[in-house]
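So this block is input.txt, compact mmCIF, C-alpha atoms:
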# COMPACT_ATOMS: atom_id res chain seq x y z
CA MET A 1 -13.29 55.51 51.65
CA SER A 2 -10.62 55.30 48.99
CA VAL A 3 -9.36 52.03 50.44
CA ARG A 4 -12.81 50.49 50.31
CA PHE A 5 -13.24 51.68 46.70
CA ALA A 6 -9.87 50.18 45.69
CA ALA A 7 -10.90 46.81 47.09
CA TRP A 8 -14.25 46.90 45.37
CA ALA A 9 -13.02 48.05 41.95
CA PRO A 10 -11.49 44.71 40.82
CA ARG A 11 -14.70 42.89 41.67
CA GLU A 12 -16.64 45.41 39.62
CA ARG A 13 -14.32 44.93 36.63
CA ASP A 14 -14.67 41.13 36.90
CA TRP A 15 -18.43 41.44 36.92
CA ILE A 16 -18.41 43.69 33.85
CA ALA A 17 -16.09 41.31 31.99
CA TRP A 18 -18.24 38.28 32.89
CA THR A 19 -21.42 40.08 31.80
CA THR A 20 -19.83 41.12 28.51
CA TRP A 21 -18.64 37.54 27.81
CA ARG A 22 -22.08 36.16 28.65
CA LEU A 23 -23.74 38.59 26.23
CA ARG A 24 -21.30 37.70 23.43
CA TRP A 25 -21.88 33.99 24.03
CA ARG A 26 -25.67 34.44 23.72
CA LEU A 27 -25.27 36.45 20.52
CA ALA A 28 -23.01 33.74 19.09
CA GLN A 29 -25.57 31.05 19.91
CA GLU A 30 -28.30 33.02 18.17
CA ALA A 31 -26.07 33.44 15.12
CA LEU A 32 -25.40 29.69 14.98
CA LYS A 33 -29.12 29.00 14.80
CA THR A 34 -29.26 30.86 11.48
CA LEU A 35 -26.67 28.56 9.84
CA PRO A 36 -27.83 25.74 7.50
CA GLY A 37 -27.92 22.36 9.20
CA TYR A 38 -28.04 23.78 12.75
CA GLY A 39 -29.31 21.19 15.20
CA LEU A 40 -28.37 18.18 13.06
CA GLN A 41 -26.24 15.57 14.79
CA CYS A 42 -22.85 14.75 13.22
CA ARG A 43 -22.92 11.25 11.82
CA PRO A 44 -19.88 8.96 12.08
CA VAL A 45 -17.66 8.96 9.01
CA ALA A 46 -17.10 5.64 7.23
CA VAL A 47 -13.53 4.69 6.32
CA TYR A 48 -12.84 2.95 3.00
CA VAL A 49 -9.50 1.14 2.74
CA ILE A 50 -7.67 -0.20 -0.32
CA SER A 51 -4.07 -1.32 -0.68
CA ASP A 52 -1.32 -2.21 -3.16
CA LEU A 53 -2.55 -0.52 -6.35
CA HIS A 54 1.02 -0.42 -7.75
CA LEU A 55 0.49 2.45 -10.18
CA ASP A 56 3.41 2.28 -12.60
CA GLU A 57 4.26 3.54 -16.09
CA ASN A 58 3.64 2.34 -19.62
CA ASP A 59 6.27 -0.32 -20.18
CA ASP A 60 6.54 -3.99 -21.06
CA ALA A 61 4.70 -5.25 -17.98
CA ARG A 62 2.20 -3.15 -16.06
CA LEU A 63 0.65 -3.99 -12.72
CA HIS A 64 -2.19 -1.46 -12.96
CA ASP A 65 -4.25 -0.86 -16.10
CA GLU A 66 -7.47 0.76 -17.24
CA ARG A 67 -9.60 -2.00 -15.74
CA GLN A 68 -8.44 -1.11 -12.25
CA GLY A 69 -8.50 2.60 -13.09
CA ARG A 70 -12.18 2.56 -14.05
CA ALA A 71 -13.06 0.58 -10.92
CA LEU A 72 -11.15 3.05 -8.76
CA ALA A 73 -12.96 5.99 -10.37
CA SER A 74 -16.34 4.43 -9.55
CA LEU A 75 -15.24 3.73 -5.98
CA CYS A 76 -14.10 7.34 -5.54
CA GLU A 77 -17.50 8.58 -6.70
CA LYS A 78 -19.20 6.45 -4.05
CA ILE A 79 -16.82 7.62 -1.31
CA ALA A 80 -17.46 11.25 -2.25
CA HIS A 81 -21.22 10.65 -2.25
CA ASP A 82 -21.00 9.06 1.21
CA ASP A 83 -18.74 11.90 2.45
CA ALA A 84 -16.43 9.19 3.79
CA GLU A 85 -12.65 8.86 4.16
CA LEU A 86 -10.32 6.91 1.88
CA VAL A 87 -7.16 5.28 3.25
CA LEU A 88 -4.58 4.23 0.64
CA LEU A 89 -2.70 1.59 2.61
CA GLY A 90 0.68 1.49 0.91
CA ASP A 91 2.29 0.65 -2.45
CA ILE A 92 -0.11 2.94 -4.24
CA PHE A 93 2.70 3.76 -6.66
CA ASP A 94 5.35 1.23 -7.68
CA LEU A 95 8.35 3.54 -7.76
CA THR A 96 10.63 0.55 -7.11
CA ALA A 97 9.57 -1.24 -10.29
CA MET A 98 10.25 1.94 -12.29
CA THR A 99 13.84 2.16 -11.02
CA PRO A 100 16.72 0.05 -12.41
CA PRO A 101 19.20 -1.73 -10.11
CA GLU A 102 22.16 0.40 -9.08
CA THR A 103 24.71 -1.67 -10.99
CA GLY A 104 25.26 -4.70 -13.22
CA LEU A 105 22.34 -4.28 -15.61
CA ARG A 106 24.43 -3.50 -18.69
CA ARG A 107 26.55 -6.60 -18.06
CA PHE A 108 23.40 -8.72 -17.57
CA PHE A 109 22.12 -7.71 -21.00
CA ALA A 110 25.52 -8.32 -22.59
CA LYS A 111 25.82 -11.85 -21.14
CA LEU A 112 22.42 -12.75 -22.57
CA ALA A 113 22.89 -10.93 -25.88
CA VAL A 114 19.97 -8.60 -25.24
CA GLU A 115 20.13 -5.34 -27.16
CA ALA A 116 18.79 -3.04 -24.48
CA ALA A 117 20.14 -0.04 -22.60
CA PRO A 118 19.47 0.43 -18.87
CA ARG A 119 17.04 3.19 -18.07
CA PRO A 120 18.38 6.15 -16.10
CA ARG A 121 17.52 6.45 -12.43
CA ARG A 122 15.00 9.27 -11.91
CA SER A 123 13.92 11.60 -9.14
CA VAL A 124 10.81 10.95 -7.07
CA ALA A 125 8.97 13.75 -8.86
CA GLU A 126 9.81 12.27 -12.27
CA LEU A 127 8.68 8.80 -11.20
CA VAL A 128 5.37 10.05 -9.79
CA ARG A 129 4.71 12.10 -12.93
CA ALA A 130 5.38 9.04 -15.11
CA GLY A 131 2.99 6.94 -13.00
CA ALA A 132 0.34 9.66 -13.17
CA ARG A 133 0.60 9.97 -16.96
CA ALA A 134 0.19 6.21 -17.39
CA ASN A 135 -2.84 6.00 -15.08
CA PRO A 136 -5.07 9.00 -15.86
CA HIS A 137 -8.34 7.40 -14.68
CA ALA A 138 -6.90 6.50 -11.28
CA ILE A 139 -5.02 9.74 -10.68
CA ASP A 140 -7.85 12.01 -11.86
CA ALA A 141 -10.33 10.17 -9.63
CA LEU A 142 -8.05 10.35 -6.59
CA ALA A 143 -7.28 14.03 -7.22
CA ARG A 144 -10.96 14.96 -7.43
CA LEU A 145 -11.74 12.93 -4.34
CA SER A 146 -8.93 14.55 -2.34
CA GLU A 147 -10.54 17.95 -2.96
CA ARG A 148 -13.81 16.79 -1.40
CA VAL A 149 -13.06 14.37 1.44
CA ARG A 150 -10.22 13.22 3.64
CA VAL A 151 -7.70 11.00 1.82
CA THR A 152 -4.89 9.43 3.83
CA LEU A 153 -1.87 7.76 2.23
CA VAL A 154 0.42 5.28 3.98
CA PRO A 155 3.79 4.87 2.21
CA GLY A 156 4.68 1.22 1.56
CA ASN A 157 7.92 -0.48 0.61
CA HIS A 158 7.38 0.13 -3.12
CA ASP A 159 6.70 3.86 -2.62
CA HIS A 160 8.57 4.60 0.61
CA GLN A 161 9.91 7.77 -1.05
CA LEU A 162 6.46 9.35 -0.65
CA ALA A 163 7.13 9.78 3.08
CA SER A 164 9.77 12.44 2.32
CA ALA A 165 9.21 16.13 1.68
CA GLU A 166 10.10 15.50 -1.97
CA GLY A 167 7.46 12.79 -2.08
CA GLY A 168 4.80 15.08 -0.65
CA ALA A 169 5.62 17.74 -3.22
CA ALA A 170 5.50 15.16 -6.02
CA LEU A 171 2.02 14.02 -4.95
CA ALA A 172 0.75 17.60 -4.75
CA ALA A 173 2.15 18.30 -8.21
CA VAL A 174 -0.15 15.64 -9.73
CA GLY A 175 -3.14 16.91 -7.76
CA LEU A 176 -3.17 14.51 -4.81
CA ARG A 177 -3.91 16.49 -1.64
CA VAL A 178 -3.42 13.73 0.87
CA GLU A 179 -2.37 13.28 4.46
CA ARG A 180 0.71 11.06 4.79
CA THR A 181 1.43 8.85 7.75
CA ARG A 182 3.03 5.47 8.39
CA SER A 183 0.26 4.38 10.75
CA VAL A 184 -3.44 5.27 10.69
CA VAL A 185 -5.37 5.05 13.95
CA ARG A 186 -9.14 5.53 13.96
CA THR A 187 -11.64 5.13 16.80
CA ILE A 188 -14.90 3.73 15.49
CA ALA A 189 -17.79 2.94 17.82
CA GLY A 190 -15.37 3.04 20.73
CA ARG A 191 -13.03 0.46 19.14
CA THR A 192 -9.45 1.14 18.03
CA ALA A 193 -8.50 0.34 14.44
CA VAL A 194 -4.82 0.40 13.43
CA LEU A 195 -4.02 0.43 9.71
CA GLN A 196 -0.43 -0.04 8.44
CA HIS A 197 1.07 -1.32 5.20
CA GLY A 198 2.71 -4.25 6.99
CA HIS A 199 6.08 -4.44 5.24
CA GLU A 200 7.71 -3.68 8.60
CA HIS A 201 7.23 -7.38 9.45
CA ASP A 202 8.96 -8.63 6.28
CA PRO A 203 12.76 -8.56 6.85
CA GLY A 204 13.59 -8.27 3.15
CA ASN A 205 11.35 -5.23 2.73
CA ALA A 206 11.37 -3.59 6.16
CA GLU A 207 13.95 -0.98 5.13
CA PRO A 208 14.58 0.86 1.84
CA ALA A 209 17.15 -0.70 -0.51
CA GLY A 210 16.62 -4.13 1.04
CA ASP A 211 16.61 -7.50 -0.69
CA GLY A 212 13.00 -7.18 -1.74
CA GLU A 213 13.59 -3.86 -3.46
CA VAL A 214 16.52 -5.29 -5.43
CA MET A 215 14.45 -8.28 -6.55
CA THR A 216 11.61 -6.06 -7.79
CA GLN A 217 14.02 -3.84 -9.72
CA ALA A 218 15.69 -6.87 -11.30
CA LEU A 219 12.40 -8.43 -12.39
CA HIS A 220 11.07 -5.29 -14.07
CA GLN A 221 14.27 -3.83 -15.47
CA ALA A 222 16.24 -7.00 -16.33
CA VAL A 223 14.11 -10.15 -16.57
CA ILE A 224 11.20 -8.65 -18.54
CA PRO A 225 13.39 -7.07 -21.25
CA PHE A 226 15.29 -10.37 -21.57
CA LEU A 227 12.11 -12.39 -22.00
CA ARG A 228 10.72 -9.94 -24.56
CA ALA A 229 13.94 -10.19 -26.58
CA HIS A 230 14.43 -13.96 -26.34
CA GLY A 231 10.97 -15.50 -26.32
CA PRO A 232 9.96 -18.97 -25.08
CA GLN A 233 11.11 -22.40 -26.13
CA ARG A 234 9.15 -24.38 -28.72
CA HIS A 235 5.54 -25.37 -27.97
CA VAL A 236 5.28 -22.95 -25.02
CA ARG A 237 3.21 -19.80 -24.79
CA MET A 238 4.76 -17.14 -22.60
CA ASP A 239 3.38 -13.89 -21.18
CA ALA A 240 6.36 -11.91 -19.90
CA ALA A 241 4.05 -9.54 -18.00
CA ARG A 242 3.02 -12.50 -15.84
CA ILE A 243 6.41 -12.33 -14.13
CA VAL A 244 5.59 -9.14 -12.23
CA ALA A 245 2.31 -10.59 -10.97
CA LEU A 246 3.97 -13.63 -9.39
CA ARG A 247 3.89 -13.89 -5.62
CA PRO A 248 6.28 -14.52 -4.13
CA GLU A 249 8.57 -12.83 -6.62
CA GLU A 250 11.21 -15.52 -6.13
CA ALA A 251 8.85 -17.93 -7.92
CA VAL A 252 10.19 -16.48 -11.17
CA ILE A 253 12.90 -19.15 -11.20
CA SER A 254 10.45 -22.06 -11.29
CA VAL A 255 8.34 -20.34 -13.93
CA LEU A 256 11.29 -19.64 -16.22
CA GLU A 257 12.32 -23.29 -15.99
CA ARG A 258 9.08 -24.03 -17.83
CA TRP A 259 9.37 -21.23 -20.38
CA LEU A 260 13.04 -21.48 -21.43
CA ASP A 261 15.03 -24.32 -22.92
CA PRO A 262 17.58 -25.84 -20.47
CA LYS A 263 20.66 -24.23 -22.02
CA THR A 264 19.11 -20.75 -22.09
CA PHE A 265 17.80 -21.15 -18.58
CA ARG A 266 21.26 -22.00 -17.23
CA ARG A 267 22.75 -18.93 -18.93
CA PHE A 268 19.94 -16.76 -17.60
CA PHE A 269 20.23 -18.16 -14.08
CA ARG A 270 23.96 -17.46 -13.81
CA ALA A 271 23.53 -13.90 -15.09
CA PHE A 272 20.53 -13.29 -12.82
CA VAL A 273 22.30 -14.54 -9.69
CA ARG A 274 25.31 -12.35 -10.51
CA LEU A 275 23.03 -9.32 -10.91
CA LEU A 276 21.36 -9.96 -7.55
CA ALA A 277 24.71 -10.45 -5.85
CA LEU A 278 26.14 -7.23 -7.25
CA ASN A 279 23.13 -5.40 -5.80
CA ARG A 280 23.32 -7.11 -2.38
CA LYS A 281 20.36 -9.45 -2.82
CA LEU A 282 22.84 -12.33 -2.29
CA PRO A 283 26.19 -12.35 -0.46
CA ALA A 284 28.88 -10.55 -2.46
CA PRO A 285 30.97 -13.72 -3.16
CA ALA A 286 28.03 -15.09 -5.14
CA ALA A 287 28.84 -12.60 -7.89
CA TRP A 288 31.99 -14.64 -8.66
CA LEU A 289 30.49 -18.02 -7.73
CA ALA A 290 27.20 -17.61 -9.60
CA GLY A 291 27.75 -20.91 -11.42
CA PHE A 292 27.74 -22.75 -8.10
CA VAL A 293 24.58 -21.20 -6.62
CA SER A 294 21.88 -23.81 -7.04
CA VAL A 295 18.37 -23.34 -8.32
CA ASP A 296 17.17 -25.12 -5.18
CA ARG A 297 18.57 -22.32 -3.04
CA ILE A 298 16.40 -19.76 -4.82
CA ARG A 299 13.45 -22.14 -4.77
CA THR A 300 13.83 -22.58 -1.00
CA ALA A 301 13.78 -18.80 -0.58
CA ALA A 302 10.56 -18.68 -2.61
CA GLU A 303 8.94 -21.32 -0.42
CA ARG A 304 9.91 -19.41 2.72
CA GLN A 305 8.58 -16.13 1.33
CA ASP A 306 5.35 -17.84 0.28
CA ARG A 307 4.49 -18.24 3.98
CA LEU A 308 4.84 -14.49 4.58
CA TRP A 309 1.09 -14.02 4.74
CA GLU A 310 0.87 -16.48 7.65
CA ARG A 311 3.76 -14.92 9.57
CA THR A 312 2.21 -11.48 9.08
CA ALA A 313 -1.09 -12.74 10.46
CA TYR A 314 0.62 -14.14 13.57
CA THR A 315 2.12 -10.70 14.19
CA ALA A 316 -1.30 -9.06 13.99
CA ILE A 317 -2.92 -11.67 16.24
CA ASP A 318 -0.20 -11.20 18.86
CA ALA A 319 -0.92 -7.47 18.79
CA LEU A 320 -4.65 -8.10 19.26
CA GLN A 321 -3.82 -10.26 22.29
CA GLY A 322 -1.51 -7.62 23.74
CA LYS A 323 1.54 -9.89 23.37
CA ARG A 324 3.42 -7.43 21.16
CA ARG A 325 3.27 -3.81 20.12
CA LEU A 326 2.83 -2.65 16.57
CA PRO A 327 5.41 -0.20 15.17
CA HIS A 328 5.08 3.58 14.92
CA ALA A 329 3.85 3.90 18.53
CA ALA A 330 0.46 2.41 17.61
CA PRO A 331 -1.93 1.72 20.51
CA ARG A 332 -3.20 -1.75 21.31
CA PRO A 333 -5.72 -2.48 18.56
CA ASP A 334 -9.15 -4.04 18.39
CA LEU A 335 -8.81 -4.21 14.61
CA VAL A 336 -5.58 -4.56 12.59
CA VAL A 337 -5.46 -3.94 8.84
CA PHE A 338 -2.37 -4.66 6.74
CA GLY A 339 -1.55 -4.94 3.04
CA HIS A 340 1.81 -5.90 1.51
CA THR A 341 1.46 -9.71 1.30
CA HIS A 342 -0.89 -9.64 -1.73
CA VAL A 343 -2.93 -12.36 0.01
CA LEU A 344 -6.45 -11.66 1.29
CA ASP A 345 -6.77 -12.70 4.91
CA TRP A 346 -9.52 -12.48 7.53
CA ALA A 347 -8.90 -13.74 11.06
CA VAL A 348 -11.16 -13.28 14.10
CA GLN A 349 -9.48 -13.35 17.50
CA GLN A 350 -11.75 -14.18 20.44
CA ARG A 351 -10.90 -12.11 23.53
CA PRO A 352 -12.56 -11.63 26.93
CA GLU A 353 -12.77 -7.88 26.37
CA GLY A 354 -14.43 -8.29 22.96
CA ASP A 355 -13.52 -10.03 19.74
CA GLY A 356 -10.60 -8.64 17.74
CA MET A 357 -10.13 -8.74 14.00
CA TYR A 358 -7.22 -8.93 11.52
CA VAL A 359 -7.70 -8.14 7.83
CA ASN A 360 -5.18 -8.21 5.01
CA LEU A 361 -6.35 -6.42 1.90
CA GLY A 362 -4.36 -8.38 -0.66
CA THR A 363 -3.76 -6.33 -3.82
CA TRP A 364 -5.44 -4.58 -6.72
CA THR A 365 -2.93 -6.06 -9.17
CA GLU A 366 -3.44 -9.35 -10.92
CA ARG A 367 -1.91 -12.17 -8.88
CA CYS A 368 -0.37 -15.29 -10.41
CA PHE A 369 0.88 -18.45 -8.78
CA ASP A 370 2.37 -20.56 -11.58
CA PRO A 371 3.33 -20.51 -15.30
CA SER A 372 -0.11 -20.93 -16.87
CA SER A 373 -3.25 -20.76 -14.71
CA PRO A 374 -5.63 -17.76 -14.93
CA PRO A 375 -4.69 -14.86 -12.63
CA ASP A 376 -6.63 -13.67 -9.61
CA ARG A 377 -8.24 -10.35 -10.62
CA SER A 378 -10.10 -9.43 -7.45
CA LEU A 379 -10.32 -5.78 -6.34
CA PRO A 380 -10.83 -5.89 -2.56
CA VAL A 381 -12.26 -2.99 -0.55
CA LEU A 382 -12.68 -2.79 3.22
CA VAL A 383 -15.27 -0.47 4.77
CA LEU A 384 -15.12 0.42 8.48
CA GLU A 385 -18.11 2.18 10.00
CA ASP A 386 -20.15 2.79 13.12
CA SER A 387 -23.33 0.75 12.78
CA GLY A 388 -25.63 1.73 15.62
CA GLY A 389 -22.79 1.95 18.13
CA ARG A 390 -21.07 -1.21 16.86
CA LEU A 391 -17.91 -1.41 14.75
CA ARG A 392 -18.69 -2.98 11.40
CA ALA A 393 -15.97 -4.17 9.03
CA SER A 394 -17.13 -5.29 5.60
CA LEU A 395 -14.81 -6.79 2.97
CA SER A 396 -16.06 -6.83 -0.62
CA ASP A 397 -14.78 -7.44 -4.15
CA LEU A 398 -15.54 -4.86 -6.83
CA THR A 399 -15.06 -7.42 -9.61
CA GLN A 400 -18.13 -9.22 -8.26
CA ASP A 401 -20.28 -6.07 -8.32
CA GLY A 402 -19.25 -5.27 -4.77
CA ALA A 403 -20.32 -8.64 -3.40
CA GLU A 404 -19.56 -8.90 0.31
CA LEU A 405 -16.94 -11.52 1.11
CA GLN A 406 -16.76 -11.14 4.90
CA ARG A 407 -18.38 -9.12 7.70
CA PHE A 408 -17.38 -8.45 11.31
CA GLU A 409 -19.42 -6.56 13.94
CA ALA A 410 -18.41 -5.88 17.52
Mind converting the file's structure to structure tokens?
Amino acid sequence: MSVRFAAWAPRERDWIAWTTWRLRWRLAQEALKTLPGYGLQCRPVAVYVISDLHLDENDDARLHDERQGRALASLCEKIAHDDAELVLLGDIFDLTAMTPPETGLRRFFAKLAVEAAPRPRRSVAELVRAGARANPHAIDALARLSERVRVTLVPGNHDHQLASAEGGAALAAVGLRVERTRSVVRTIAGRTAVLQHGHEHDPGNAEPAGDGEVMTQALHQAVIPFLRAHGPQRHVRMDAARIVALRPEEAVISVLERWLDPKTFRRFFRAFVRLLALNRKLPAPAAWLAGFVSVDRIRTAAERQDRLWERTAYTAIDALQGKRRLPHAAPRPDLVVFGHTHVLDWAVQQRPEGDGMYVNLGTWTERCFDPSSPPDRSLPVLVLEDSGGRLRASLSDLTQDGAELQRFEA
């Protein structure tokens, strides 16, 4: 009898446990029915994407001003109202522009008789605080939004420091509660969207302290102060702030040939080449042979860099076709979104398994191409959403009252 009872006892305990679990589950279901919104289906979340804001500090040449700040504040209000997500796709801060070159700046000023002292190099926290103080509309709007919805930040080449623990703490200190990642992957209507800044495909900017970083530092911390101190040649109007809006940055040489008299330009060019060489933008021997480095060499580099937007697009299209993998272990995409090039791009790739799409979001900074023509002031925004089971990508420009520029549905 005792043997039979011992064999039966575990089954009895299992039955009691199962009955107790079943009762708790029913009670939990009844409790859920009393909650607000019970029975409503979860709607897909739209993803808003902007890139290359370049928030910097109050100095001689700013890339982001109150015009962009007010537009960003309005956009954040809409995103919060829609309960959507915002992806900040790199170069949100321009920490590079706020940092002087490692060496040679004092000598550059001395050679050109500019009475200026190099700024000290600052910590990430100090740089972010300076950018936040100079851009209160933008930072306040982003901080409020990050308290209400998901905000994701992708570090770019101009704010790569934000990927570090120090960078995360600096963002939190100015109220930005954001997720940080180098690659954003979202599944929308069954399609895979991969969002990255895109500097990984630009050799001069792929790694910190590369050639591109040195050039940016030199433009902001050396060239602009020189131009402010010297001024243009006769019969020429010059806006020194235009220099930082030039793309590619190497185009500065051709622009300064128009603004400066020939003798001053030659002095500037030798000092500028020496500064770049000392900071590894050019081979080290160029620091001693600066007088023999030709303007055409720099102009050729500018022409090559001017095709960056096309080379970046080819990379994205190859990824859509499965011919190459994107960095950061990204899956094969149906939609690729980059920034970095400061050139808006929109390329549809026809595929047997369904059309693919590449978008480049350009920049929120003014963009200039030459010494005198009006700048491009567009403020592009990409919205990704599930539209009745189809992926919809809509590109619009806030400077045109949100007018839609392009649309893709698949």
Give the answer as one residue: which of A:Glu115, A:Asp334, A:Glu126, A:Asp140 has the shortest atom-to-atom distance to A:Cys76, using only C-alpha atoms?
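Closest residue, counting only C-alpha atoms: A:Asp140.
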For A:Arg107, the nearest of the candidates A:Glu366, A:Arg247, A:Val151, A:Ala222, counting all atoms listed in the file
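Among the listed residues, the smallest separation from A:Arg107 belongs to A:Ala222.
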Residues within 8 Å of A:Pro101, all atoms listed in the file, excluding chain neighbours under 2 positions, as JSON, numbers by chain
{"A": [99, 103, 104, 105, 214, 217, 218, 221, 279]}
With distances taken over only C-alpha atoms, which residue among A:Asp82, A:Ala271, A:Gln349, A:His197 lies nearest A:Arg106?
A:Ala271
Taking 5 positions as the minimum chain separation for residues in the same chain, which residues sit within 6 Å of A:Val381 when counting all atoms listed in the file? Answer as a compact mmCIF listing (two decimals) with C-alpha atoms, in the frame of the given file.
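File written: selection_5.txt
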# COMPACT_ATOMS: atom_id res chain seq x y z
CA VAL A 49 -9.50 1.14 2.74
CA ILE A 50 -7.67 -0.20 -0.32
CA LEU A 395 -14.81 -6.79 2.97
CA SER A 396 -16.06 -6.83 -0.62
Test item: residues at most 10 Å from A:His342, all atoms listed in the file, excluding those fewer than 2 positions along its chain, as a PyMOL selection string:
chain A and resi 51-52+245-248+308-309+338-340+344-345+360-367
